[in-house]
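Visitor: Mind looking over this structure? Questions follow.
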Amino acid sequence: MPIVNGMSVDVEEWFQVGAFERTIDKNDWDRLESRVVANTGTVLDLFGEAGVTATFFTLGWVAHRHPALIRRIVAEGHEVASHGWDHQRVFTMTADQFRADLQRARIALEDAGGVAVTGYRAPSFSIDTRTPWAHPVLAEDGYAYSSSVAPVAHDHYGWRESPRFPWRPLADASLIELPVSTAELARRRMAVGGGFFRLLPAALTDTAVRQSNQAGHAGMFYFHPWEVDPAQPRVAGAPLRSRLRHYSRLGAMAGKLRRLLGRHRWGRVDAVAVQERRW
């Protein structure tokens, strides 16, 4: 059976990203220009043109304010999954706070979309060695899968020692962890989604998908709606490194995505989780 790779979108506003978390106060979010509906609409149009279904890991904060967007995602055949409530990194919470965050986000998503939410992705891939309680909480809350680990070393996130391909974090639960794809070249492991996809040659992403498939697993690609929006506001007070990561090659993203969608078989992450359990 041909392998279907996971196509995923982390739905958040341009001002909710980890790069700006120390520059933009959460209390100011509602006063900033909202662009998530238009940007996610652009992404939905790209998927529609390519005949691809995907998973939209969406903040509860976004679902609460834009329920019609969630309904459109569902109506067009995509999966709605949780990205937490307001992009707080998991390793900054206690287990009880994490559980409360999950439940608050799930209520908003399910109320807006009218469908069950069974998948989760941690903001900034913030499940790692500091959060041994995170997978048990997800299993207790009935999540079927998590895609919350980036098996790389990075200054903002990463769990380099994590398995590179899908794995079972708990011996007594069916929960499966679906790490985002990486490429290994000359013993160096490299991330390929999001800003890495914008900044690096697209062939690196192809290599990551092929390596996953050759190992008998699905690839897992991710990006954000704000990455197809070169006209978004600029945050002048952010650190230079953050601004370079966030704004570089935004104008090239839509075209690179369109071509990537045509080079591999893509589908929803819940389907990938079922596929991985069969192998």
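A note on labels: chains of the structure tokens are A, B, ... as shown, every chain counts residues from 1, and ligands are counted from 1 in their shown order.
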Hey, what's within 10 Å of Phe196 (chain A) if we count only C-alpha atoms and toss same-chain stuff fewer than 5 positions away? As a list in words, please?

Guide: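 The contact residues come out as Met190, Ala191, Pro201, Ala202, Leu204, Thr205, Phe223 and Arg245 of chain A.
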
Visitor: Write the residues of the selection above to a file with N, CA, C and O atoms, as a CSV table (one decimal), in the first residue's frame.

Guide:
chain,number,residue,atom,x,y,z
A,190,MET,N,18.4,17.5,10.3
A,190,MET,CA,18.0,18.8,10.0
A,190,MET,C,16.4,18.9,9.9
A,190,MET,O,15.8,18.0,9.3
A,191,ALA,N,15.9,19.9,10.5
A,191,ALA,CA,14.4,20.1,10.4
A,191,ALA,C,14.1,20.7,9.0
A,191,ALA,O,15.0,21.3,8.4
A,201,PRO,N,16.6,24.8,0.5
A,201,PRO,CA,16.2,24.2,-0.8
A,201,PRO,C,15.1,23.2,-0.5
A,201,PRO,O,15.1,22.4,0.4
A,202,ALA,N,14.0,23.2,-1.4
A,202,ALA,CA,12.9,22.3,-1.3
A,202,ALA,C,13.4,20.8,-1.4
A,202,ALA,O,12.7,19.9,-0.8
A,204,LEU,N,15.6,19.4,0.2
A,204,LEU,CA,15.8,18.9,1.6
A,204,LEU,C,14.5,18.3,2.2
A,204,LEU,O,14.6,17.2,2.8
A,205,THR,N,13.4,18.9,1.9
A,205,THR,CA,12.1,18.4,2.4
A,205,THR,C,11.8,17.1,1.7
A,205,THR,O,11.3,16.1,2.3
A,223,PHE,N,3.5,23.7,8.4
A,223,PHE,CA,3.8,25.1,8.2
A,223,PHE,C,2.7,25.9,8.8
A,223,PHE,O,1.8,25.4,9.5
A,245,ARG,N,14.0,35.1,10.9
A,245,ARG,CA,13.3,33.8,10.8
A,245,ARG,C,11.9,34.0,10.4
A,245,ARG,O,11.4,33.2,9.6

Visitor: Could you list, as a list in words, every residue within 12 Å of Ser212 (chain A), counting only C-alpha atoms and ignoring same-chain residues fewer than 5 positions away?

Guide: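 Residues near the query, excluding close chain neighbours: Ile3, Val4, Asn5, Gly6, Arg164, Phe165, Pro166, Leu178, Pro179, Val180, Ser181, Thr182, Ala183, Glu184, Thr205, Asp206, Thr207, His217, Ala218, Gly219, Met220, Phe221 and Glu276 of chain A.
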
Visitor: Write the residues of the selection above to a file with N, CA and C atoms, as a CSV table (one decimal), in the first residue's frame.

Guide:
chain,number,residue,atom,x,y,z
A,3,ILE,N,2.4,4.8,0.8
A,3,ILE,CA,2.4,5.6,2.0
A,3,ILE,C,1.8,7.0,1.8
A,4,VAL,N,0.9,7.3,2.6
A,4,VAL,CA,0.3,8.7,2.6
A,4,VAL,C,1.0,9.5,3.7
A,5,ASN,N,1.6,10.6,3.3
A,5,ASN,CA,2.3,11.5,4.3
A,5,ASN,C,1.4,12.5,4.9
A,6,GLY,N,1.8,12.9,6.1
A,6,GLY,CA,0.9,13.9,6.8
A,6,GLY,C,1.2,15.3,6.4
A,164,ARG,N,13.1,9.2,15.7
A,164,ARG,CA,12.9,10.1,14.6
A,164,ARG,C,11.6,9.8,13.9
A,165,PHE,N,11.1,8.6,14.0
A,165,PHE,CA,9.9,8.2,13.3
A,165,PHE,C,8.8,7.9,14.4
A,166,PRO,N,7.5,7.6,13.9
A,166,PRO,CA,6.4,7.4,14.9
A,166,PRO,C,6.8,6.4,16.0
A,178,LEU,N,3.8,11.2,16.6
A,178,LEU,CA,4.1,11.4,15.2
A,178,LEU,C,5.1,12.6,15.0
A,179,PRO,N,6.4,12.4,15.2
A,179,PRO,CA,7.3,13.5,15.1
A,179,PRO,C,7.3,14.2,13.8
A,180,VAL,N,7.6,15.5,13.7
A,180,VAL,CA,7.7,16.1,12.4
A,180,VAL,C,9.0,15.6,11.7
A,181,SER,N,9.0,15.6,10.4
A,181,SER,CA,10.0,15.0,9.6
A,181,SER,C,11.3,15.7,9.7
A,182,THR,N,12.4,15.0,9.6
A,182,THR,CA,13.7,15.5,9.5
A,182,THR,C,14.5,14.8,8.4
A,183,ALA,N,15.5,15.5,7.9
A,183,ALA,CA,16.4,14.9,6.9
A,183,ALA,C,17.8,14.7,7.6
A,184,GLU,N,18.4,13.5,7.3
A,184,GLU,CA,19.7,13.2,7.8
A,184,GLU,C,20.7,13.2,6.6
A,205,THR,N,13.4,18.9,1.9
A,205,THR,CA,12.1,18.4,2.4
A,205,THR,C,11.8,17.1,1.7
A,206,ASP,N,12.1,17.1,0.4
A,206,ASP,CA,11.9,15.8,-0.4
A,206,ASP,C,12.7,14.7,0.2
A,207,THR,N,14.0,15.0,0.6
A,207,THR,CA,14.8,14.0,1.2
A,207,THR,C,14.2,13.5,2.5
A,217,HIS,N,7.7,4.5,7.0
A,217,HIS,CA,6.8,5.5,7.8
A,217,HIS,C,6.4,6.6,6.9
A,218,ALA,N,5.3,7.3,7.4
A,218,ALA,CA,4.9,8.5,6.7
A,218,ALA,C,5.8,9.7,7.1
A,219,GLY,N,5.9,10.6,6.1
A,219,GLY,CA,6.6,11.9,6.5
A,219,GLY,C,5.5,12.8,7.2
A,220,MET,N,6.0,13.8,7.9
A,220,MET,CA,5.1,14.7,8.6
A,220,MET,C,5.6,16.1,8.3
A,221,PHE,N,4.9,16.9,7.5
A,221,PHE,CA,5.2,18.2,7.1
A,221,PHE,C,4.3,19.2,7.8
A,276,GLU,N,0.0,4.2,10.6
A,276,GLU,CA,1.1,3.8,11.4
A,276,GLU,C,0.8,2.7,12.3

Visitor: Go through A:Arg65, A:Arg259, A:Gly216, A:His264 and flag the residue nearest Leu46 (chain A), using only C-alpha atoms for the distances.

Guide: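 Between A:Arg65, A:Arg259, A:Gly216, A:His264, the residue approaching Leu46 (chain A) most closely is A:Arg259.
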
Visitor: With only C-alpha atoms as the basis for distance, which of A:Val80, A:Met7, A:Val90, A:Leu250 is at the shortest distance from Gly193 (chain A)?

Guide: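 Checking each of A:Val80, A:Met7, A:Val90, A:Leu250 against Gly193 (chain A), counting only C-alpha atoms, the winner is A:Met7.
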
Visitor: Find the distance between CA of Thr40 (chain A) and CA of Val62 (chain A) and write it in Å to one decimal.

Guide: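 These two atoms are separated by 11.3 Å.
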
Visitor: In Å, rounded to a single decimal, give me how far CA of Phe57 (chain A) is from CA of Gly113 (chain A).

Guide: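 Value for the CA of Gly113 (chain A)-CA of Phe57 (chain A) distance: 12.7 Å.
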
Visitor: Mind listing the alpha helix (DSSP H) residues of region 40-237 of chain A, per DSSP on the backbone, as a PyMOL selection string?

Guide: chain A and resi 40-50+60-65+67-75+95-113+134-140+194-199+202-214

Visitor: Extract, using only C-alpha atoms, all DNA, RNA and protein residues at most 10 Å from region 50-54 of chain A, discarding same-chain residues fewer than 3 positions from it, and format them as a PDB file with N, CA, C and O atoms, in the first residue's frame.

Guide:
ATOM      1  N   ASN A   5       1.598  10.619   3.349  1.00  0.00           N
ATOM      2  CA  ASN A   5       2.329  11.467   4.289  1.00  0.00           C
ATOM      3  C   ASN A   5       1.400  12.496   4.921  1.00  0.00           C
ATOM      4  O   ASN A   5       0.383  12.877   4.345  1.00  0.00           O
ATOM      5  N   GLY A   6       1.760  12.942   6.116  1.00  0.00           N
ATOM      6  CA  GLY A   6       0.934  13.887   6.834  1.00  0.00           C
ATOM      7  C   GLY A   6       1.207  15.327   6.419  1.00  0.00           C
ATOM      8  O   GLY A   6       2.345  15.794   6.478  1.00  0.00           O
ATOM      9  N   MET A   7       0.149  16.031   6.015  1.00  0.00           N
ATOM     10  CA  MET A   7       0.240  17.458   5.723  1.00  0.00           C
ATOM     11  C   MET A   7      -0.469  18.203   6.852  1.00  0.00           C
ATOM     12  O   MET A   7      -1.639  17.922   7.146  1.00  0.00           O
ATOM     13  N   SER A   8       0.231  19.119   7.498  1.00  0.00           N
ATOM     14  CA  SER A   8      -0.350  19.781   8.662  1.00  0.00           C
ATOM     15  C   SER A   8      -0.069  21.272   8.663  1.00  0.00           C
ATOM     16  O   SER A   8       0.964  21.737   8.169  1.00  0.00           O
ATOM     17  N   VAL A   9      -1.032  22.002   9.250  1.00  0.00           N
ATOM     18  CA  VAL A   9      -0.968  23.455   9.331  1.00  0.00           C
ATOM     19  C   VAL A   9      -1.184  23.860  10.786  1.00  0.00           C
ATOM     20  O   VAL A   9      -2.167  23.444  11.403  1.00  0.00           O
ATOM     21  N   LEU A  44      -6.312  26.942   2.363  1.00  0.00           N
ATOM     22  CA  LEU A  44      -7.409  26.051   1.956  1.00  0.00           C
ATOM     23  C   LEU A  44      -7.573  26.051   0.445  1.00  0.00           C
ATOM     24  O   LEU A  44      -7.829  25.002  -0.165  1.00  0.00           O
ATOM     25  N   ASP A  45      -7.418  27.201  -0.166  1.00  0.00           N
ATOM     26  CA  ASP A  45      -7.514  27.274  -1.632  1.00  0.00           C
ATOM     27  C   ASP A  45      -6.389  26.482  -2.293  1.00  0.00           C
ATOM     28  O   ASP A  45      -6.608  25.777  -3.300  1.00  0.00           O
ATOM     29  N   LEU A  46      -5.176  26.584  -1.746  1.00  0.00           N
ATOM     30  CA  LEU A  46      -4.050  25.816  -2.290  1.00  0.00           C
ATOM     31  C   LEU A  46      -4.322  24.319  -2.193  1.00  0.00           C
ATOM     32  O   LEU A  46      -4.078  23.563  -3.144  1.00  0.00           O
ATOM     33  N   PHE A  47      -4.832  23.877  -1.048  1.00  0.00           N
ATOM     34  CA  PHE A  47      -5.146  22.460  -0.879  1.00  0.00           C
ATOM     35  C   PHE A  47      -6.261  22.035  -1.828  1.00  0.00           C
ATOM     36  O   PHE A  47      -6.226  20.935  -2.387  1.00  0.00           O
ATOM     37  N   PHE A  57      -3.967  22.067  12.960  1.00  0.00           N
ATOM     38  CA  PHE A  57      -3.764  22.156  14.403  1.00  0.00           C
ATOM     39  C   PHE A  57      -4.024  23.613  14.806  1.00  0.00           C
ATOM     40  O   PHE A  57      -3.210  24.500  14.523  1.00  0.00           O
ATOM     41  N   ILE A  73     -13.018  24.727   7.439  1.00  0.00           N
ATOM     42  CA  ILE A  73     -12.001  23.670   7.424  1.00  0.00           C
ATOM     43  C   ILE A  73     -12.668  22.295   7.410  1.00  0.00           C
ATOM     44  O   ILE A  73     -12.322  21.425   6.611  1.00  0.00           O
ATOM     45  N   GLU A  76     -14.609  21.390   4.133  1.00  0.00           N
ATOM     46  CA  GLU A  76     -13.775  21.064   2.978  1.00  0.00           C
ATOM     47  C   GLU A  76     -13.001  19.762   3.162  1.00  0.00           C
ATOM     48  O   GLU A  76     -12.116  19.444   2.356  1.00  0.00           O
ATOM     49  N   GLY A  77     -13.349  19.002   4.189  1.00  0.00           N
ATOM     50  CA  GLY A  77     -12.820  17.655   4.335  1.00  0.00           C
ATOM     51  C   GLY A  77     -11.546  17.516   5.127  1.00  0.00           C
ATOM     52  O   GLY A  77     -10.945  16.436   5.154  1.00  0.00           O
ATOM     53  N   HIS A  78     -11.139  18.562   5.805  1.00  0.00           N
ATOM     54  CA  HIS A  78      -9.902  18.528   6.574  1.00  0.00           C
ATOM     55  C   HIS A  78     -10.175  18.178   8.033  1.00  0.00           C
ATOM     56  O   HIS A  78     -11.300  18.287   8.520  1.00  0.00           O
ATOM     57  N   GLU A  79      -9.119  17.778   8.730  1.00  0.00           N
ATOM     58  CA  GLU A  79      -9.221  17.491  10.154  1.00  0.00           C
ATOM     59  C   GLU A  79      -8.911  18.741  10.970  1.00  0.00           C
ATOM     60  O   GLU A  79      -7.966  19.474  10.670  1.00  0.00           O
ATOM     61  N   VAL A  80      -9.695  18.977  12.016  1.00  0.00           N
ATOM     62  CA  VAL A  80      -9.384  20.002  13.003  1.00  0.00           C
ATOM     63  C   VAL A  80      -8.799  19.304  14.230  1.00  0.00           C
ATOM     64  O   VAL A  80      -9.407  18.385  14.780  1.00  0.00           O
ATOM     65  N   TYR A 222       4.876  20.386   8.170  1.00  0.00           N
ATOM     66  CA  TYR A 222       4.065  21.411   8.823  1.00  0.00           C
ATOM     67  C   TYR A 222       4.465  22.801   8.344  1.00  0.00           C
ATOM     68  O   TYR A 222       5.592  23.033   7.894  1.00  0.00           O
ATOM     69  N   ARG A 258       2.864  24.883  -3.359  1.00  0.00           N
ATOM     70  CA  ARG A 258       2.113  24.341  -4.492  1.00  0.00           C
ATOM     71  C   ARG A 258       2.899  23.223  -5.178  1.00  0.00           C
ATOM     72  O   ARG A 258       2.345  22.185  -5.538  1.00  0.00           O
ATOM     73  N   ARG A 259       4.184  23.430  -5.345  1.00  0.00           N
ATOM     74  CA  ARG A 259       5.007  22.405  -5.995  1.00  0.00           C
ATOM     75  C   ARG A 259       5.192  21.185  -5.087  1.00  0.00           C
ATOM     76  O   ARG A 259       5.159  20.044  -5.553  1.00  0.00           O
ATOM     77  N   LEU A 260       5.364  21.417  -3.781  1.00  0.00           N
ATOM     78  CA  LEU A 260       5.530  20.300  -2.841  1.00  0.00           C
ATOM     79  C   LEU A 260       4.284  19.422  -2.814  1.00  0.00           C
ATOM     80  O   LEU A 260       4.379  18.188  -2.761  1.00  0.00           O
ATOM     81  N   LEU A 261       3.126  20.031  -2.863  1.00  0.00           N
ATOM     82  CA  LEU A 261       1.874  19.275  -2.819  1.00  0.00           C
ATOM     83  C   LEU A 261       1.769  18.296  -3.981  1.00  0.00           C
ATOM     84  O   LEU A 261       1.125  17.246  -3.862  1.00  0.00           O
ATOM     85  N   GLY A 262       2.401  18.630  -5.102  1.00  0.00           N
ATOM     86  CA  GLY A 262       2.336  17.766  -6.272  1.00  0.00           C
ATOM     87  C   GLY A 262       3.392  16.689  -6.331  1.00  0.00           C
ATOM     88  O   GLY A 262       3.326  15.800  -7.194  1.00  0.00           O
ATOM     89  N   ARG A 265       2.429  12.066  -1.921  1.00  0.00           N
ATOM     90  CA  ARG A 265       1.053  11.800  -1.525  1.00  0.00           C
ATOM     91  C   ARG A 265       0.832  12.343  -0.118  1.00  0.00           C
ATOM     92  O   ARG A 265       1.590  12.030   0.799  1.00  0.00           O
ATOM     93  N   TRP A 266      -0.211  13.165   0.039  1.00  0.00           N
ATOM     94  CA  TRP A 266      -0.460  13.820   1.313  1.00  0.00           C
ATOM     95  C   TRP A 266      -1.864  13.523   1.818  1.00  0.00           C
ATOM     96  O   TRP A 266      -2.782  13.305   1.030  1.00  0.00           O
ATOM     97  N   GLY A 267      -2.032  13.558   3.141  1.00  0.00           N
ATOM     98  CA  GLY A 267      -3.350  13.349   3.719  1.00  0.00           C
ATOM     99  C   GLY A 267      -3.417  13.877   5.134  1.00  0.00           C
ATOM    100  O   GLY A 267      -2.471  14.483   5.659  1.00  0.00           O
ATOM    101  N   ARG A 268      -4.565  13.642   5.763  1.00  0.00           N
ATOM    102  CA  ARG A 268      -4.818  14.076   7.130  1.00  0.00           C
ATOM    103  C   ARG A 268      -3.961  13.289   8.115  1.00  0.00           C
ATOM    104  O   ARG A 268      -3.631  12.128   7.894  1.00  0.00           O
ATOM    105  N   VAL A 269      -3.643  13.936   9.243  1.00  0.00           N
ATOM    106  CA  VAL A 269      -2.780  13.286  10.222  1.00  0.00           C
ATOM    107  C   VAL A 269      -3.515  12.166  10.954  1.00  0.00           C
ATOM    108  O   VAL A 269      -2.892  11.170  11.340  1.00  0.00           O
ATOM    109  N   ASP A 270      -4.830  12.295  11.143  1.00  0.00           N
ATOM    110  CA  ASP A 270      -5.540  11.181  11.790  1.00  0.00           C
ATOM    111  C   ASP A 270      -5.468   9.919  10.948  1.00  0.00           C
ATOM    112  O   ASP A 270      -5.350   8.804  11.484  1.00  0.00           O
ATOM    113  N   ALA A 271      -5.486  10.077   9.616  1.00  0.00           N
ATOM    114  CA  ALA A 271      -5.333   8.917   8.738  1.00  0.00           C
ATOM    115  C   ALA A 271      -3.917   8.357   8.815  1.00  0.00           C
ATOM    116  O   ALA A 271      -3.714   7.133   8.764  1.00  0.00           O
TER     117      ALA A 271
END

Visitor: Just checking: using only C-alpha atoms, which residue out of A:Leu240, A:Leu257, A:Ala186, A:Arg278 ends up closest to Glu49 (chain A)?

Guide: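 Selected residue with least distance to Glu49 (chain A): A:Leu257.
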
Visitor: Write out as a list in words all residues of region 64-158 of chain A that DSSP puts in strand (DSSP E or B) for this structure's backbone.

Guide: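 Taking region 64-158 of chain A and keeping strand (DSSP E or B) only, one gets Glu79, Val80, Ala81, Ser82, Gly119, Tyr120, Tyr145 and Ser146 of chain A.
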
Visitor: As number ranges by chain, please: the residues near Arg99 (chain A) (cut-off 10 Å, only C-alpha atoms, same-chain neighbours under 6 positions excluded).

Guide: A: 84, 93, 134, 137-138, 140-141

Visitor: Find the nearest atom pair between each residue of region 28-105 of chain A and region 18-21 of chain A for residues within 9 Å, count only C-alpha atoms, give distances in Å to one decimal, sort rows by chain and ascending number, and present the table as a Markdown table.

Guide:
| residue | atom | partner | partner_atom | distance |
| --- | --- | --- | --- | --- |
| A:His87 | CA | A:Gly18 | CA | 7.9 |
| A:Gln88 | CA | A:Gly18 | CA | 8.8 |
| A:Arg89 | CA | A:Gly18 | CA | 8.7 |

Visitor: Rank A:Ser242, A:Gln97, A:Ser126, A:Ser248 by their smallest atom-to-atom distance to Tyr157 (chain A), using only C-alpha atoms, and report the top residue only.

Guide: A:Ser126

Visitor: Using CA of Trp133 (chain A) and CA of Phe56 (chain A) as the two end points, give the distance in Å to one decimal.

Guide: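 Between CA of Trp133 (chain A) and CA of Phe56 (chain A) the gap is 24.6 Å.
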
Visitor: With only C-alpha atoms as the atoms that count, which of A:Ala122, A:Val235, A:Ile127, A:Ala173 lies nearest to Ile24 (chain A)?

Guide: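 Residue with the minimum atom-to-atom distance to Ile24 (chain A): A:Val235.
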
Visitor: Within 9 Å of Ala108 (chain A), counting only C-alpha atoms, which residues qualify if same-chain residues fewer than 6 places away don't, as an MDAnalysis selection string?

Guide: chainID A and resid 59:64 67 85

Visitor: Keeping only C-alpha atoms, write the selected residues to a file as a PDB file, in the first residue's frame.

Guide:
ATOM      1  CA  LEU A  59      -5.454  27.351  18.721  1.00  0.00           C
ATOM      2  CA  GLY A  60      -8.596  27.388  20.830  1.00  0.00           C
ATOM      3  CA  TRP A  61      -8.134  31.174  20.995  1.00  0.00           C
ATOM      4  CA  VAL A  62      -8.559  31.317  17.211  1.00  0.00           C
ATOM      5  CA  ALA A  63     -11.529  28.928  17.145  1.00  0.00           C
ATOM      6  CA  HIS A  64     -13.333  30.955  19.816  1.00  0.00           C
ATOM      7  CA  PRO A  67     -15.826  29.729  14.419  1.00  0.00           C
ATOM      8  CA  TRP A  85      -5.413  27.416  23.842  1.00  0.00           C
TER       9      TRP A  85
END

Visitor: Counting only C-alpha atoms, which residue out of A:Val117, A:Trp14, A:Tyr145, A:Pro136 sits closest to Asp96 (chain A)?

Guide: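 Once distances to Asp96 (chain A) are computed over only C-alpha atoms, the minimum belongs to A:Pro136.
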